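Enquirer: My structure is stored as entry_36.txt, with compact mmCIF, C-alpha atoms and all ligand atoms.
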```txt
# COMPACT_ATOMS: atom_id res chain seq x y z
CA MET A 1 4.00 -15.11 -13.60
CA ALA A 2 2.92 -13.25 -10.49
CA SER A 3 0.68 -10.16 -10.64
CA VAL A 4 0.65 -6.46 -9.85
CA HIS A 5 -2.25 -5.53 -7.58
CA ILE A 6 -3.28 -1.88 -7.38
CA LEU A 7 -5.29 -1.40 -4.20
CA ASN A 8 -7.82 1.29 -5.05
CA HIS A 9 -9.93 0.85 -1.92
CA PRO A 10 -11.52 4.23 -1.06
CA LEU A 11 -10.04 4.30 2.46
CA ILE A 12 -6.54 3.64 1.13
CA GLN A 13 -6.91 6.28 -1.58
CA HIS A 14 -8.28 8.90 0.83
CA LYS A 15 -5.43 8.38 3.28
CA LEU A 16 -2.87 8.33 0.45
CA THR A 17 -4.07 11.75 -0.74
CA ILE A 18 -3.36 13.25 2.70
CA LEU A 19 -0.04 11.38 2.85
CA ARG A 20 1.10 12.99 -0.40
CA SER A 21 0.44 16.57 0.74
CA LYS A 22 3.56 18.60 1.49
CA ASP A 23 1.65 20.17 4.41
CA THR A 24 1.13 16.87 6.27
CA SER A 25 3.09 16.84 9.55
CA VAL A 26 5.60 14.14 10.52
CA LYS A 27 3.21 12.84 13.19
CA GLU A 28 0.31 12.58 10.77
CA PHE A 29 2.53 11.12 8.04
CA ARG A 30 3.67 8.32 10.35
CA GLU A 31 0.11 7.57 11.43
CA LEU A 32 -1.08 7.47 7.81
CA VAL A 33 1.74 5.15 6.71
CA ARG A 34 0.70 2.82 9.50
CA GLU A 35 -3.02 3.00 8.64
CA ILE A 36 -2.42 2.49 4.91
CA SER A 37 -0.07 -0.42 5.65
CA SER A 38 -2.75 -2.06 7.77
CA LEU A 39 -5.32 -1.80 5.00
CA MET A 40 -2.79 -3.02 2.41
CA CYS A 41 -1.82 -5.95 4.62
CA TYR A 42 -5.47 -6.96 4.79
CA GLU A 43 -5.63 -7.07 0.99
CA ALA A 44 -2.20 -8.64 0.43
CA THR A 45 -3.00 -11.53 2.77
CA ARG A 46 -6.41 -12.22 1.23
CA ASN A 47 -5.28 -15.47 -0.42
CA LEU A 48 -3.40 -17.02 2.49
CA PRO A 49 -4.47 -20.63 2.89
CA THR A 50 -6.77 -21.60 5.76
CA GLN A 51 -7.87 -24.91 7.20
CA GLU A 52 -11.01 -25.96 9.02
CA VAL A 53 -10.93 -26.60 12.76
CA GLU A 54 -13.59 -27.09 15.40
CA VAL A 55 -13.92 -24.58 18.21
CA GLN A 56 -16.05 -24.97 21.31
CA THR A 57 -18.15 -21.83 21.81
CA PRO A 58 -20.22 -21.24 24.98
CA VAL A 59 -23.21 -22.55 23.00
CA GLY A 60 -21.92 -25.31 20.73
CA VAL A 61 -19.18 -26.44 18.38
CA ALA A 62 -18.39 -24.26 15.38
CA LYS A 63 -16.53 -25.39 12.29
CA ALA A 64 -14.18 -22.47 11.72
CA GLN A 65 -11.08 -21.42 9.77
CA VAL A 66 -7.52 -20.78 10.95
CA LEU A 67 -4.45 -19.81 8.96
CA ALA A 68 -2.66 -22.82 7.52
CA GLY A 69 0.45 -23.36 5.47
CA LYS A 70 3.68 -21.47 5.79
CA LYS A 71 4.52 -19.17 8.66
CA LEU A 72 5.08 -15.56 7.72
CA ALA A 73 7.96 -13.11 7.87
CA ILE A 74 8.01 -9.38 7.32
CA VAL A 75 11.13 -7.75 5.89
CA PRO A 76 11.22 -3.94 5.92
CA VAL A 77 13.76 -2.20 3.72
CA LEU A 78 15.46 0.32 6.06
CA ARG A 79 14.76 3.00 6.79
CA ALA A 80 11.38 3.86 5.42
CA GLY A 81 10.06 0.28 5.45
CA LEU A 82 10.18 0.39 9.25
CA GLY A 83 7.16 2.70 9.14
CA MET A 84 5.06 -0.17 7.79
CA VAL A 85 6.11 -2.92 10.22
CA ASP A 86 3.95 -2.21 13.28
CA ALA A 87 0.77 -2.31 11.24
CA MET A 88 1.75 -5.68 9.79
CA VAL A 89 2.69 -7.13 13.18
CA ASP A 90 -0.59 -5.92 14.71
CA LEU A 91 -2.40 -8.11 12.18
CA ILE A 92 0.11 -10.99 12.05
CA PRO A 93 1.53 -11.15 15.59
CA SER A 94 3.38 -14.43 15.07
CA ALA A 95 5.36 -13.14 12.08
CA LYS A 96 9.11 -12.92 12.44
CA ILE A 97 10.91 -9.84 11.21
CA GLY A 98 14.06 -9.57 9.08
CA HIS A 99 15.80 -6.30 8.26
CA ILE A 100 17.63 -5.18 5.15
CA GLY A 101 19.45 -1.85 5.26
CA LEU A 102 19.82 -0.21 1.86
CA TYR A 103 20.33 3.38 0.82
CA ARG A 104 20.42 4.81 -2.65
CA ASP A 105 23.73 6.33 -3.69
CA PRO A 106 22.77 9.98 -4.35
CA ASP A 107 24.75 10.10 -7.63
CA THR A 108 24.21 6.70 -9.20
CA HIS A 109 20.82 5.94 -7.49
CA GLU A 110 22.10 2.37 -7.09
CA PRO A 111 21.24 0.62 -3.78
CA VAL A 112 24.06 0.20 -1.26
CA LYS A 113 23.60 -2.53 1.35
CA TYR A 114 24.68 -1.70 4.91
CA TYR A 115 22.76 -4.19 7.06
CA CYS A 116 21.05 -7.56 6.79
CA LYS A 117 19.65 -9.78 9.55
CA MET A 118 17.09 -12.50 8.84
CA PRO A 119 15.26 -14.99 11.07
CA ASN A 120 17.07 -18.38 11.09
CA ASP A 121 14.11 -20.16 9.54
CA ILE A 122 13.35 -17.53 6.89
CA ALA A 123 13.61 -20.13 4.08
CA GLN A 124 10.52 -21.89 5.46
CA ARG A 125 8.47 -18.71 5.65
CA GLN A 126 6.32 -16.71 3.27
CA VAL A 127 7.99 -13.30 3.15
CA PHE A 128 6.38 -9.85 2.82
CA VAL A 129 8.95 -7.22 1.79
CA VAL A 130 7.71 -3.75 2.75
CA ASP A 131 8.91 -0.31 1.64
CA PRO A 132 6.73 2.76 1.01
CA MET A 133 8.45 3.69 -2.28
CA LEU A 134 9.26 1.71 -5.44
CA ALA A 135 11.12 4.20 -7.65
CA THR A 136 13.80 2.79 -9.99
CA GLY A 137 13.20 -0.59 -8.39
CA GLY A 138 16.90 -0.99 -7.57
CA SER A 139 16.32 -1.34 -3.81
CA ALA A 140 13.43 -3.79 -4.15
CA VAL A 141 15.26 -5.93 -6.71
CA ALA A 142 18.35 -6.06 -4.46
CA ALA A 143 16.30 -6.77 -1.31
CA ILE A 144 14.42 -9.63 -2.97
CA SER A 145 17.67 -11.06 -4.37
CA PHE A 146 19.21 -11.10 -0.85
CA ILE A 147 16.14 -12.83 0.54
CA LYS A 148 16.24 -15.44 -2.22
CA GLU A 149 19.87 -16.18 -1.31
CA TYR A 150 18.50 -17.53 1.99
CA GLY A 151 16.38 -20.01 0.03
CA CYS A 152 13.03 -18.19 0.26
CA LYS A 153 10.59 -19.12 -2.47
CA TYR A 154 7.39 -17.30 -1.53
CA ILE A 155 7.93 -13.55 -1.58
CA THR A 156 5.42 -10.70 -1.85
CA LEU A 157 6.37 -7.03 -2.27
CA MET A 158 4.24 -4.26 -0.70
CA ASP A 159 4.86 -0.59 -1.60
CA ILE A 160 2.59 2.38 -1.07
CA ILE A 161 3.59 4.32 -4.23
CA ALA A 162 5.32 2.87 -7.28
CA ALA A 163 6.73 4.30 -10.50
CA PRO A 164 6.12 2.27 -13.68
CA GLU A 165 9.92 1.92 -14.00
CA GLY A 166 10.14 0.26 -10.58
CA ILE A 167 7.36 -2.18 -11.30
CA ALA A 168 8.98 -3.11 -14.63
CA ALA A 169 12.36 -3.67 -12.95
CA VAL A 170 10.92 -5.98 -10.28
CA ARG A 171 8.81 -7.86 -12.83
CA LYS A 172 11.89 -8.41 -15.00
CA ALA A 173 14.25 -9.51 -12.20
CA HIS A 174 11.70 -11.39 -10.07
CA PRO A 175 8.71 -12.47 -12.19
CA ASP A 176 7.60 -14.84 -9.40
CA VAL A 177 6.95 -12.02 -6.90
CA ASP A 178 3.45 -10.56 -6.43
CA ILE A 179 3.46 -6.77 -6.07
CA PHE A 180 0.85 -4.85 -4.05
CA VAL A 181 0.76 -1.05 -4.39
CA ALA A 182 -1.71 1.69 -3.52
CA ALA A 183 -0.81 3.84 -6.54
CA VAL A 184 1.26 3.82 -9.73
CA ASP A 185 2.46 7.35 -10.48
CA GLU A 186 3.63 9.05 -13.68
CA GLY A 187 7.35 8.32 -13.49
CA LEU A 188 10.68 9.52 -12.12
CA ASN A 189 12.41 12.91 -12.13
CA ASP A 190 16.14 13.55 -12.74
CA HIS A 191 16.93 12.58 -9.12
CA ALA A 192 15.00 9.31 -9.49
CA TYR A 193 12.22 10.59 -7.21
CA ILE A 194 8.69 9.49 -7.97
CA VAL A 195 6.55 12.19 -9.63
CA PRO A 196 4.24 13.35 -8.14
CA GLY A 197 4.94 10.83 -5.33
CA LEU A 198 5.23 12.18 -1.80
CA GLY A 199 8.89 13.23 -1.57
CA ASP A 200 11.41 11.35 0.56
CA ALA A 201 9.49 8.78 2.57
CA GLY A 202 12.29 8.12 5.07
CA ASP A 203 12.74 11.82 5.83
CA ARG A 204 9.00 12.34 6.21
CA ILE A 205 8.56 9.33 8.55
CA PHE A 206 11.54 10.15 10.74
CA GLY A 207 11.48 13.95 10.49
CA THR A 208 15.04 14.15 9.22
CA LYS A 209 14.54 17.12 6.89
C1 LIG B 301 13.99 4.99 -0.51
C2 LIG B 301 12.81 4.07 -0.37
C3 LIG B 301 13.27 2.84 -1.08
C4 LIG B 301 14.12 3.40 -2.20
C5 LIG B 301 13.32 3.35 -3.46
O1 LIG B 301 14.98 4.71 0.40
O2 LIG B 301 12.42 3.87 0.96
O3 LIG B 301 14.04 1.97 -0.25
O4 LIG B 301 14.41 4.76 -1.84
O5 LIG B 301 14.11 3.78 -4.53
P1 LIG B 301 14.55 2.80 -5.70
O6 LIG B 301 13.34 2.04 -6.11
O7 LIG B 301 15.05 3.75 -6.76
O8 LIG B 301 15.65 1.92 -5.18
P2 LIG B 301 16.30 5.62 0.53
O9 LIG B 301 17.39 5.09 -0.33
O10 LIG B 301 15.94 7.07 0.34
O11 LIG B 301 16.77 5.33 2.01
P3 LIG B 301 16.06 5.69 3.42
O12 LIG B 301 14.83 4.81 3.53
O13 LIG B 301 17.10 5.31 4.39
O14 LIG B 301 15.72 7.14 3.43
N1 LIG B 302 12.68 7.26 -2.32
C1 LIG B 302 11.77 8.09 -1.76
O1 LIG B 302 11.68 8.19 -0.53
N2 LIG B 302 10.97 8.79 -2.57
C2 LIG B 302 11.04 8.71 -3.90
O2 LIG B 302 10.26 9.39 -4.59
C3 LIG B 302 12.00 7.86 -4.47
C4 LIG B 302 12.80 7.14 -3.65
```
Please lay out the structure from this file as structure tokens.
Expert:
Amino acid sequence: MASVHILNHPLIQHKLTILRSKDTSVKEFRELVREISSLMCYEATRNLPTQEVEVQTPVGVAKAQVLAGKKLAIVPVLRAGLGMVDAMVDLIPSAKIGHIGLYRDPDTHEPVKYYCKMPNDIAQRQVFVVDPMLATGGSAVAAISFIKEYGCKYITLMDIIAAPEGIAAVRKAHPDVDIFVAAVDEGLNDHAYIVPGLGDAGDRIFGTK
């Protein structure tokens, strides 16, 4: 079974505290999502395989490491996952990007799919699904199921804040998927929002409220 990794690095936690504040502006919120995503990407890619190569330096030949194994893909869950993509691509410029559009029905809280476009060779890639919020887990479970339908076997989920309910749902439906989060909060309110969370991530990234 895969694992849940809680990234309690001081830089991530400091930035997350500012991210949560209701007084943080849209501009600052976007910048913080990007910075936290960059730090989380660094941790979530820690175990990628490498292989030794030789590189000619101006002074001699160094035995050095390069990434080996599967190529990578990043799949943001629209909308809010888009806020995490640039940070990932900065660090993994050769990654391809797939998109899954899901919104939660306001009454049932069930995910509704409205868009899906994956790279042709997604089945051969290691996939990082990114979304700032893991609440009921419905969106993440659905997103991972769609990706598996393409034949993907190596999937990692990255969320900034998770509720215990969301983690349990993903673990139950997709026990093979590693989960990286910056925080696990208390739970969900009656509207299936994470408490204390940070509110609506999509609205705060895009300034739609
Ligand atoms: C948010 C969030 C996740 C989902 C998490 O998206 O970005 O995708 O809710 O909730 P869940 O774990 O209960 O499924 P939302 O549906 O608000 O859409 P948006 O990103 O377009 O605002
Ligand atoms: N989606 C959000 O943006 N925030 C939550 O707390 C739950 C779902």
Enquirer: Mind listing the residues within 6 Å of ligand LIG 302 (chain B), all atoms listed in the file counted, as number ranges by chain?
Expert: A: 133, 135, 193-194, 197, 199-202
Enquirer: Around the point (-5.5, -3.3, -5.5), in the coordinates given by the file, pick out the residues reaching within 12 Å, counting all atoms listed in the file, and return them as a ChimeraX atom specification.
Expert: /A:3-13,39-46,158-161,178-184
Enquirer: Hey, which residues come within 10 Å of ligand LIG 301 (chain B) if we count all atoms listed in the file? Could you give them as a VMD selection string?
Expert: chain A and resid 76 to 83 100 to 106 108 to 113 130 to 143 159 161 to 163 165 to 167 169 to 170 188 191 to 194 199 to 206 208
Enquirer: Those same residues, written as a short mmCIF file (atom, residue, chain, number, x, y, z; two decimals), keeping the file's coordinate frame with C-alpha atoms?
Expert:
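File written: again.cif
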```
data_model
loop_
_atom_site.label_atom_id
_atom_site.label_comp_id
_atom_site.auth_asym_id
_atom_site.auth_seq_id
_atom_site.Cartn_x
_atom_site.Cartn_y
_atom_site.Cartn_z
CA PRO A 76 11.22 -3.94 5.92
CA VAL A 77 13.76 -2.20 3.72
CA LEU A 78 15.46 0.32 6.06
CA ARG A 79 14.76 3.00 6.79
CA ALA A 80 11.38 3.86 5.42
CA GLY A 81 10.06 0.28 5.45
CA LEU A 82 10.18 0.39 9.25
CA GLY A 83 7.16 2.70 9.14
CA ILE A 100 17.63 -5.18 5.15
CA GLY A 101 19.45 -1.85 5.26
CA LEU A 102 19.82 -0.21 1.86
CA TYR A 103 20.33 3.38 0.82
CA ARG A 104 20.42 4.81 -2.65
CA ASP A 105 23.73 6.33 -3.69
CA PRO A 106 22.77 9.98 -4.35
CA THR A 108 24.21 6.70 -9.20
CA HIS A 109 20.82 5.94 -7.49
CA GLU A 110 22.10 2.37 -7.09
CA PRO A 111 21.24 0.62 -3.78
CA VAL A 112 24.06 0.20 -1.26
CA LYS A 113 23.60 -2.53 1.35
CA VAL A 130 7.71 -3.75 2.75
CA ASP A 131 8.91 -0.31 1.64
CA PRO A 132 6.73 2.76 1.01
CA MET A 133 8.45 3.69 -2.28
CA LEU A 134 9.26 1.71 -5.44
CA ALA A 135 11.12 4.20 -7.65
CA THR A 136 13.80 2.79 -9.99
CA GLY A 137 13.20 -0.59 -8.39
CA GLY A 138 16.90 -0.99 -7.57
CA SER A 139 16.32 -1.34 -3.81
CA ALA A 140 13.43 -3.79 -4.15
CA VAL A 141 15.26 -5.93 -6.71
CA ALA A 142 18.35 -6.06 -4.46
CA ALA A 143 16.30 -6.77 -1.31
CA ASP A 159 4.86 -0.59 -1.60
CA ILE A 161 3.59 4.32 -4.23
CA ALA A 162 5.32 2.87 -7.28
CA ALA A 163 6.73 4.30 -10.50
CA GLU A 165 9.92 1.92 -14.00
CA GLY A 166 10.14 0.26 -10.58
CA ILE A 167 7.36 -2.18 -11.30
CA ALA A 169 12.36 -3.67 -12.95
CA VAL A 170 10.92 -5.98 -10.28
CA LEU A 188 10.68 9.52 -12.12
CA HIS A 191 16.93 12.58 -9.12
CA ALA A 192 15.00 9.31 -9.49
CA TYR A 193 12.22 10.59 -7.21
CA ILE A 194 8.69 9.49 -7.97
CA GLY A 199 8.89 13.23 -1.57
CA ASP A 200 11.41 11.35 0.56
CA ALA A 201 9.49 8.78 2.57
CA GLY A 202 12.29 8.12 5.07
CA ASP A 203 12.74 11.82 5.83
CA ARG A 204 9.00 12.34 6.21
CA ILE A 205 8.56 9.33 8.55
CA PHE A 206 11.54 10.15 10.74
CA THR A 208 15.04 14.15 9.22
#
```
Enquirer: Considering only C-alpha atoms, can you say which of A:Glu35, A:Ile147, A:Ala68, A:His99 comes closest to Gln51 (chain A)?
Expert: A:Ala68
Enquirer: Quick check, in Å to one decimal: how far apart do CA of Leu19 (chain A) and CA of Asn189 (chain A) lie?
Expert: 19.5 Å
Enquirer: If you count all atoms listed in the file, which residues fall within 8 Å of Lys153 (chain A), apart from same-chain ones fewer than 5 positions away, as a list in words?
Expert: Ala123, Gln126 and Lys148 of chain A
Enquirer: Please report the interatomic distance between CA of Pro119 (chain A) and CA of Leu67 (chain A) in Å with one decimal.
Expert: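 Computed distance, CA of Pro119 (chain A) to CA of Leu67 (chain A), equals 20.4 Å.
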